[in-house]
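Everything below concerns the one structure shown next.
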Amino acid sequence: MNLLVVAMLLFSVGLYGVLTRRDLVAVLASIEVMLGSATLLLVGLGATGEMIAGTQVGGGTVEATGVMIIVLAAAEAAIGLALVVAVARRFRTTRIDELTGVKG
Amino acid sequence: MSIESVVFAILAGVALAGGIVTVFARDVTRMVIGLAAFLLSIAGFFVYWKASFLGVVQLFVYVGGVLVLFVFAIMLVHRSTEGSPYLETRHDIASITVAGGLFIMVVTALKDFVHDPVAGAMVTGTDEVAAVLLGPMLTHFEMVGVMLLAVLVAVVIIVGGEER
């Protein structure tokens, strides 16, 4: 229960940041908070050692899945920040309310 | 109140403080420091559950890699744009309704199914993780490797392709 509340509070804070931030880098940082809280809840659920959907999930599987998520999050951050740098070079701004055009 | 619950409360407090600083800070440097505190406390949670390997991976990849990437991106971006970065917020009421509504919805839906793991609940060594990574999850492992290579090439093309 405590774990669920903490992880969901972090997720909600991150979601609020994604919705309200005006700078692209700050939006990406908020996305990292959301991803981190989701990983926290997943690993915490695995650490309870309970049956999930009728099967016993071992600690090795939980940790391996966590490693996969962390690597995917790192790849997402790399691509996202590269896109931010490209956008900043081309349009001289990273404010999302100034980046309104769709045509490239 | 046992020592384990105190440690859990401290970790949760640091994580929440870091997340809140990341989302609400007006200054870019403070935002990055908040993100660092958040990521470090997540690694602390993993070590608290004795998922030590995952904690080390979190430290290496996130605190050592992604955070440095953020600092580099901020250096590159906010030097090429004039003035100080604008981090102020907008759409406060609607956003807080969405975020708070999601929180209430998920917590009420899952509160009977999620139980708290005790400290040191996972007693898995790296040998067990390796057996899973190179056994049942070998396909995932290889695909993540290929994807990382693709990401590397994509980042070089995205960032380097603009300058001529």
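Simple scheme: letters A, B, ... for chains in structure tokens order, numbers from 1 for residues in each chain, numbers from 1 for ligands in the order shown.
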Checklist entry - Which residues of chain A are close to chain B, meaning at most 6 Å apart when you count only C-alpha atoms, and how do they look as JSON, numbers by chain? => result {"A": [1, 3, 8, 12, 16, 17, 20, 21, 22, 23, 47, 48, 59, 60, 63, 64, 79, 82, 85, 86, 88, 92, 93]}
Next on the checklist: According to DSSP computed on the backbone, where in chain A is there strand (DSSP E or B)? Give the residues as a PyMOL selection string.
Outcome noted: chain A and resi 23+51-52+55-56+95
Next on the checklist: From the options B:Val63, B:Ile33, B:Leu40, B:Met143, which residue's atoms come nearest to Leu72 in chain A, counting only C-alpha atoms?
Outcome noted: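 Under the stated criterion, the closest residue is B:Met143.
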Item to check | Å distance separating CA of Gly14 in chain A from CA of Ala26 in chain A, one decimal place | outcome: 10.4 Å
